[in-house]
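J.: Here it is, the structure, as C-alpha cells.
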Amino acid sequence: MNKLLSVFQITKNKADRSSHPFWVLVGKEVADHIRSWRFIILLMLILLTCIGSLYTSISNLSKAIEKANDPDGGFLFLKLFTLSDGSLPPFHVFIGFLGPLLGISLGFDAINSEQNAGTLSRVMAQPIHRDYLINAKFVGALVIISTLFFALGFLIMGLGLIIIGIPPTAQEFLRIIFFILLSILYVAFWLNLSILFSVKFQQAATSALTAIAVWLFFTVFYQIIINIVAKAMLPADQGNPYAMIGYQKFIMGLLSIVPSQLYSDATTTLLMPSVRSLGPLTMEQVYGAIPSPLPLRESLMLVWPQLTGLIAATALCFALSYYIFMRKEIKSR
Amino acid sequence: MNQQIIVLEGLTKQYGSLIAVNDLHLTIDKGEVYGLLGPNGAGKSTTIRMMLGLTEPTAGTVKVCGIDSTVNPIEVKRRVGYLPDNVGFYDNRTGLENLLFIARLNRATEAEAHIRAKELLARVGLADAMHKKTGAYSRGMRQRLGLADVLIKKPEVIILDEPTLGIDPSGVKEFLHLIVQLSKEEGLTVLLSSHHLHQVQQVCDRVGIFVGGKLLANGDIPTLSKQLFTGDKFIVEVGVNFSPQGFAEQQQQLQKTLEAISGVSSVHREGERFRVGCSSDLTASIARTIVEEKMDLTYLSKKEYGLDDIYQRYFEGGQPHEQVA
C-alpha cells in the first residue's frame with residue numbers, strides 16, 4: 001500500500017512540475033517530426049536500405065571469411081556494416097547518401113514555416129528567449145536523428161548477432177558506436193545547413209531546393225570539377241616524387257571540402273581497421289609495414305581531421321543561422 | 001485606478017530612411033480599454049512590437065508595468081498577452097493542444113494548464129470545438145481561440161493587433177464585447193489597434209489617432225472631436241439666388257451678413273454656395289437672417305461632423321489639420 005502511495009506521489013509530482021519552456025519547445029518539435037509524413041516516408045526508406053544492405057552483407061559473409069590473409073578478418077562483426085557484393089552498396093555508403101536527405105528534410109522549413117503560418121510571432125510573444133526557438137529546432141531534430149541511428153545501429157547488431165551467432169568484441173562495439181556518432185554528426189551538418197536556408201528564405205520550397213542543390217553539387221558536380229582541375233594541374237615532370245606528392249595533397253585538399261568525402265573517409269577508417277592512412281604514402285613509409293589492423297585509438301587519430309572538419313562545418317552553419325535569426329525582425333505573417 | 005501601466009516616451013523607429021514611428025508619447029492607465037486607430041502602415045504594429053520588445057526602438061523608451069521592454073522583454077512578455085494580427089496556430093494540432101503549448105511555455109504545470117485551457121475555451125465559446133484541429137477552424141473561431149491564447153498566461157495587459165480583421169460585422173460586435181467583458185471581469189488593461197473606427201468607438205474608453213508614425217489626437221471620443229474640430233463642429237451650406245446685376249456686391253453683402261451672426265466662426269464661398277462654419281447648430285438663425293435680408297434662399301443643408309469625418313479626413317489621404325470650412 002505504501003509503495004502504491006509513493007508511486008502515486010511520484011506521478012502526481014510529475015504532473016505538478018512545470019517543465020522548462022525550452023524542453024516544451026523541443027518536445028513539440030519532436031512530436032511534430034514524428035507525426036509528419038515526410039519523416040515516416042524517410043524512415044521507411046532508411047529501414048528498407050538498412051535491411052537490404054544487411055541482407056547482402058550477411059549473404060556474402062561466408063565468402064569473405066574464406067579469404068586468407070585479410071587484415072580485417074578478425075573484425076567479422078564490422079563486416080555487417082561494410083560488406084557488399086556490388087549489387088547493393090553497404091550500409092555506411094547508404095547513410096552517406098541518404099543522411100543528407102534526412103537532415104535536409106528535417107530542417108528545411110524549420111523557421112520559415114512558422115513565419116508563414118503566423119505562429120512565430122505568437123511563440124515569440126511568450127516569455128522565452130528568442131534563441132530557444134532555433135536551439136529547440138536543432139535539438140529536436142537531433143534527438144530524432146540520434147534515436148533513429150542508434151536504433152538502426154543496434155537493430156543491425158542485434159539481427160547480426162542472431163544470424164551469425166558471433167558476438168562483437170568490445171573494440172568492434174566501440175567502433176560501431178563511434179560510427180553511429182559520426183553519422184549523427186554528418187546528418188547534423190545537413191540539418192544545420194537546411195535550418196540556415198530556412199532562416200534565410202521566406203519560402204520553404206526555395207530553402208529545400210537550395211539545400212538539395214548544395215547536396216547535388218557536392219555529390220555530382222564537385223567531383224567533375226575536381227577531375228577537370230586535376231587534369232589541368234597535372235605536373236609536367238611526373239618522375240619528380242615531391243611534385244607528385246604535392247599534387248596529390250592538393251587534390252586531396254580539394255576533395256576534403258566535401259562533407260560527404262569527410263564522412264566516407266572517416267567511416268571507412270572506423271569500420272575497416274586495416275586502413276592506415278587517408279593520404280598518399282611513400283614507399284619508405286609502407287616498406288616493412290605489416291598489413292595489420294590499427295587499434296581503435298589510432299583509427300580515431302587518423303580520422304581526427306575529418307571529424308574536426310565536420311564539426312567545424314556544422315558549427316559554422318549553426319552559428320550563421322543563429323546570428324541571422326537573432327537579428328531577424330519578427331513580423332506577423 | 002490611475003496607475004500608468006504603459007508609458008511610451010519619445011519612441012521612434014526608423015527603417016532606413018522611413019520613419020515608422022516618430023517621437024511617440026503615450027500613457028495608458030491601468031484598467032482602461034485603449035484603441036489605437038490608424039490606417040494601414042501608420043506604425044501601429046511597429047509600436048506594439050516595440051512594447052513587447054520584439055523590435056528595438058531607434059530612440060525613446062517603452063515601459064510596460066514599470067519594466068523597460070527593450071532591456072527586459074522576458075519580464076514584460078510574462079505580463080502582457082499579445083494577439084498578433086493574422087494570428088496563426090499549429091494547424092495539425094487541436095485548439096486545446098495549441099492552448100496547452102502556450103500555457104506550458106509560460107511554465108504552467110500540465111494539470112494547471114488543462115484546467116485553465118478548458119475554462120478559457122468555454123469562456124470564448126469554443127468548448128465544442130476544442131478537440132478539432134485548428135486547421136478546420138473558421139476565421140472567427142481562430143480569433144476567439146487567439147483571445148483564449150492571450151488570456152491563458154493570466155496577463156495584466158492584453159494587446160490585440162487588428163483583432164477584428166476579417167470577421168463579419170455581427171462576429172465583430174460579439175468579439176469586442178467578449179474582450180470588454182473579460183477585461184472588466186479580470187481587471188485587465190486592453191490596448192487594441194484597428195483601422196475600423198466604429199468598432200473602436202463601441203468599446204474603447206480612450207482612443208488615439210495614429211497617422212504616419214505620429215499620434216495626432218488622444219482622448220475619449222468627445223474630447224477627440226473637440227481636439228480635431230476646433231470650433232467648427234457644424235457646417236451649414238447655403239445657396240442663394242442672386243439677380244444677374246450686382247452679383248459680386250450681393251455676394252459680399254451676404255458674406256458680411258452671415259459673418260455677423262453670433263456663433264458663426266467662418267464663411268467661405270464655394271461657387272454658388274456658401275459654407276458657414278459654426279460651433280453650434282445655427283441653421284435656423286442663418287435661414288432667418290437670409291430671409292430677413294430679402295434674398296432668395298434656394299438651398300440649405302446642415303452637416304454635422306463626427307468621428308466618421310475625422311476618419312475620412314485622416315485616413316483617406318486628407319491633409320491633417322486641414323480646416324473644413
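FYI, nothing fancy with the C-alpha cells labels: chains A, B, ... in order, residues from 1 per chain, ligands from 1 as they appear.
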Residues of chain B within 10 Å of chain A, counting only C-alpha atoms, what are they? List them as an MDAnalysis selection string.

T.: chainID B and resid 45:46 49 52:56 73:93 101:113 146 149:150 153

J.: Would you output that residue set with N, CA and C atoms, as a tab-separated table (two decimals), in the first residue's frame?

T.:
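The resulting file, selection34.tsv, is shown below:
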```tsv
chain	number	residue	atom	x	y	z
B	45	SER	N	1.46	48.51	-35.65
B	45	SER	CA	2.05	47.22	-35.32
B	45	SER	C	3.49	47.36	-34.85
B	46	THR	N	4.21	48.30	-35.44
B	46	THR	CA	5.60	48.52	-35.02
B	46	THR	C	5.64	48.99	-33.57
B	49	ARG	N	4.94	46.07	-31.38
B	49	ARG	CA	6.10	45.16	-31.29
B	49	ARG	C	7.19	45.74	-30.40
B	52	LEU	N	6.49	45.09	-26.79
B	52	LEU	CA	6.77	43.72	-26.37
B	52	LEU	C	8.25	43.39	-26.44
B	53	GLY	N	9.04	44.32	-26.92
B	53	GLY	CA	10.46	44.04	-27.04
B	53	GLY	C	10.79	43.15	-28.22
B	54	LEU	N	9.87	43.01	-29.17
B	54	LEU	CA	10.15	42.19	-30.35
B	54	LEU	C	10.96	42.99	-31.38
B	55	THR	N	10.85	44.30	-31.28
B	55	THR	CA	11.60	45.18	-32.16
B	55	THR	C	12.28	46.21	-31.27
B	56	GLU	N	13.50	46.54	-31.61
B	56	GLU	CA	14.20	47.54	-30.80
B	56	GLU	C	13.92	48.93	-31.32
B	73	PRO	N	12.73	42.17	-22.02
B	73	PRO	CA	11.49	41.78	-22.69
B	73	PRO	C	10.82	40.56	-22.08
B	74	ILE	N	11.60	39.68	-21.48
B	74	ILE	CA	11.02	38.45	-20.94
B	74	ILE	C	10.01	38.77	-19.84
B	75	GLU	N	10.41	39.67	-18.94
B	75	GLU	CA	9.51	40.03	-17.84
B	75	GLU	C	8.25	40.69	-18.37
B	76	VAL	N	8.42	41.52	-19.39
B	76	VAL	CA	7.26	42.18	-19.98
B	76	VAL	C	6.34	41.15	-20.61
B	77	LYS	N	6.95	40.22	-21.35
B	77	LYS	CA	6.13	39.23	-22.05
B	77	LYS	C	5.41	38.29	-21.08
B	78	ARG	N	5.94	38.19	-19.87
B	78	ARG	CA	5.28	37.37	-18.86
B	78	ARG	C	3.97	38.02	-18.43
B	79	ARG	N	3.92	39.35	-18.50
B	79	ARG	CA	2.76	40.08	-18.00
B	79	ARG	C	1.81	40.53	-19.10
B	80	VAL	N	2.29	40.47	-20.33
B	80	VAL	CA	1.49	41.00	-21.42
B	80	VAL	C	1.07	39.88	-22.37
B	81	GLY	N	-0.21	39.84	-22.66
B	81	GLY	CA	-0.69	38.90	-23.66
B	81	GLY	C	-0.79	39.63	-24.99
B	82	TYR	N	-0.27	39.02	-26.02
B	82	TYR	CA	-0.24	39.71	-27.32
B	82	TYR	C	-0.90	38.84	-28.38
B	83	LEU	N	-1.88	39.39	-29.04
B	83	LEU	CA	-2.51	38.70	-30.15
B	83	LEU	C	-2.07	39.40	-31.43
B	84	PRO	N	-1.17	38.78	-32.19
B	84	PRO	CA	-0.70	39.43	-33.42
B	84	PRO	C	-1.81	39.49	-34.45
B	85	ASP	N	-1.68	40.43	-35.38
B	85	ASP	CA	-2.68	40.40	-36.45
B	85	ASP	C	-2.39	39.17	-37.29
B	86	ASN	N	-3.45	38.58	-37.83
B	86	ASN	CA	-3.27	37.38	-38.62
B	86	ASN	C	-2.63	36.26	-37.81
B	87	VAL	N	-3.16	36.04	-36.62
B	87	VAL	CA	-2.54	35.06	-35.75
B	87	VAL	C	-2.60	33.66	-36.39
B	88	GLY	N	-1.56	32.89	-36.16
B	88	GLY	CA	-1.52	31.55	-36.71
B	88	GLY	C	-1.46	30.52	-35.60
B	89	PHE	N	-2.02	29.36	-35.89
B	89	PHE	CA	-1.94	28.26	-34.93
B	89	PHE	C	-1.32	27.07	-35.63
B	90	TYR	N	-0.89	26.11	-34.84
B	90	TYR	CA	-0.38	24.89	-35.46
B	90	TYR	C	-1.58	24.10	-35.97
B	91	ASP	N	-1.74	24.11	-37.28
B	91	ASP	CA	-2.97	23.61	-37.87
B	91	ASP	C	-3.17	22.11	-37.69
B	92	ASN	N	-2.08	21.40	-37.47
B	92	ASN	CA	-2.26	19.95	-37.31
B	92	ASN	C	-2.49	19.56	-35.85
B	93	ARG	N	-2.64	20.57	-34.99
B	93	ARG	CA	-2.97	20.30	-33.59
B	93	ARG	C	-4.37	20.81	-33.30
B	101	PHE	N	0.12	24.21	-25.23
B	101	PHE	CA	1.50	24.50	-25.60
B	101	PHE	C	1.92	25.88	-25.08
B	102	ILE	N	1.06	26.86	-25.33
B	102	ILE	CA	1.38	28.21	-24.87
B	102	ILE	C	1.38	28.29	-23.35
B	103	ALA	N	0.44	27.59	-22.73
B	103	ALA	CA	0.38	27.60	-21.26
B	103	ALA	C	1.68	27.03	-20.69
B	104	ARG	N	2.17	25.97	-21.32
B	104	ARG	CA	3.37	25.33	-20.78
B	104	ARG	C	4.62	26.16	-21.08
B	105	LEU	N	4.58	26.94	-22.14
B	105	LEU	CA	5.70	27.86	-22.38
B	105	LEU	C	5.74	28.93	-21.30
B	106	ASN	N	4.59	29.15	-20.66
B	106	ASN	CA	4.54	30.11	-19.56
B	106	ASN	C	4.72	29.42	-18.22
B	107	ARG	N	5.31	28.25	-18.26
B	107	ARG	CA	5.66	27.48	-17.07
B	107	ARG	C	4.47	27.05	-16.24
B	108	ALA	N	3.35	26.83	-16.88
B	108	ALA	CA	2.23	26.27	-16.14
B	108	ALA	C	2.46	24.76	-16.05
B	109	THR	N	1.99	24.15	-14.98
B	109	THR	CA	2.11	22.70	-14.90
B	109	THR	C	1.03	22.09	-15.78
B	110	GLU	N	1.24	20.83	-16.11
B	110	GLU	CA	0.33	20.13	-17.00
B	110	GLU	C	-1.13	20.21	-16.51
B	111	ALA	N	-1.30	19.92	-15.21
B	111	ALA	CA	-2.66	19.87	-14.65
B	111	ALA	C	-3.31	21.25	-14.67
B	112	GLU	N	-2.52	22.22	-14.23
B	112	GLU	CA	-2.98	23.60	-14.18
B	112	GLU	C	-3.38	24.09	-15.58
B	113	ALA	N	-2.52	23.77	-16.54
B	113	ALA	CA	-2.75	24.21	-17.92
B	113	ALA	C	-4.05	23.63	-18.45
B	146	GLY	N	-7.55	32.80	-30.36
B	146	GLY	CA	-6.46	33.73	-30.11
B	146	GLY	C	-6.65	34.48	-28.80
B	149	ASP	N	-5.91	32.24	-26.06
B	149	ASP	CA	-4.46	32.05	-26.08
B	149	ASP	C	-3.74	33.19	-25.35
B	150	VAL	N	-4.29	34.39	-25.51
B	150	VAL	CA	-3.70	35.57	-24.89
B	150	VAL	C	-3.96	35.55	-23.38
B	153	LYS	N	-2.05	33.02	-20.07
B	153	LYS	CA	-0.91	33.28	-19.19
B	153	LYS	C	-1.27	34.21	-18.04
```

J.: Can you pull out every residue from range 129-265 of chain B that DSSP, working from the backbone, puts in strand (DSSP E), and format the result as an MDAnalysis selection string?

T.: chainID B and resid 157:161 189:194 206:211 214:219 234:241 264:265

J.: Find the residues near Ile212 in chain A: any atom within 10 Å, counting only C-alpha atoms, skip ones fewer than 6 places away on the same chain, and give them as a list in words.

T.: Pro100, Leu101, Ile104, Ser105, Phe108, Trp190, Ser194, Thr206 and Phe218 of chain A

J.: Identify which of the residues B:Gly171, B:Pro163, B:Gly277, B:Gly140 lies closest to Lys303 in chain B, counting only C-alpha atoms when measuring atom-to-atom distances.

T.: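 Checking each candidate against Lys303 in chain B, we get B:Gly277 as the closest.
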
J.: Counting only C-alpha atoms, what is within 12 Å of Met244 in chain A, bar same-chain residues fewer than 3 positions away, as a ChimeraX atom specification?

T.: /A:230,233-241,247-251,280-282

J.: For Asp128 in chain B, please output as number ranges by chain all residues within 12 Å (counting only C-alpha atoms; exclusion window: fewer than 2 positions along the same chain).

T.: B: 94-96, 118, 121-126, 130-133, 137, 141

J.: Do you know which residues are at most 9 Å from range 213-218 of chain B counting only C-alpha atoms, after dropping those on the same chain fewer than 6 positions away, and could you put them as a PyMOL selection string?

T.: chain B and resi 12-13+19-26+41-44+47+206-207+224+227-228+320

J.: Take the residues that were just selected and, keeping C-alpha atoms, output them as a compact mmCIF listing (two decimals), in the first residue's frame.

T.:
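The new file selection22.txt reads:
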```txt
# COMPACT_ATOMS: atom_id res chain seq x y z
CA THR B 12 10.99 56.41 -32.52
CA LYS B 13 11.62 53.65 -35.00
CA ILE B 19 10.34 56.74 -40.06
CA ALA B 20 7.71 54.23 -38.95
CA VAL B 21 7.11 55.73 -35.53
CA ASN B 22 8.00 59.33 -34.85
CA ASP B 23 8.61 60.62 -31.32
CA LEU B 24 5.59 58.98 -29.74
CA HIS B 25 4.49 59.94 -26.24
CA LEU B 26 1.64 57.94 -24.81
CA GLY B 41 1.12 51.33 -42.40
CA ALA B 42 0.70 54.03 -39.77
CA GLY B 43 3.13 52.29 -37.45
CA LYS B 44 0.61 50.70 -35.10
CA THR B 47 4.66 50.38 -31.84
CA ARG B 206 -9.92 56.28 -24.93
CA VAL B 207 -8.75 56.43 -28.50
CA LEU B 224 -11.22 63.87 -29.61
CA GLN B 227 -9.43 68.47 -30.31
CA LEU B 228 -9.75 67.89 -34.00
CA PRO B 320 -4.04 66.51 -41.29
```

J.: Neighbouring residues of Leu161 in chain A were defined as those with any atom within 12 Å, considering only C-alpha atoms; residues of the same chain fewer than 2 positions away were excluded. Please report them as a PyMOL selection string.

T.: chain A and resi 54+58+76-78+80+154-159+163-169+173

J.: Can you tell me how far CA of Gly140 in chain A sits from CA of Leu271 in chain A, in Å to one decimal?

T.: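 Separation of CA of Gly140 in chain A and CA of Leu271 in chain A: 28.4 Å.
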
J.: Could you work out how far CA of Val240 in chain B lies from CA of Met295 in chain B, giving the answer in Å with one decimal?

T.: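 Distance between the two atoms: 6.8 Å.
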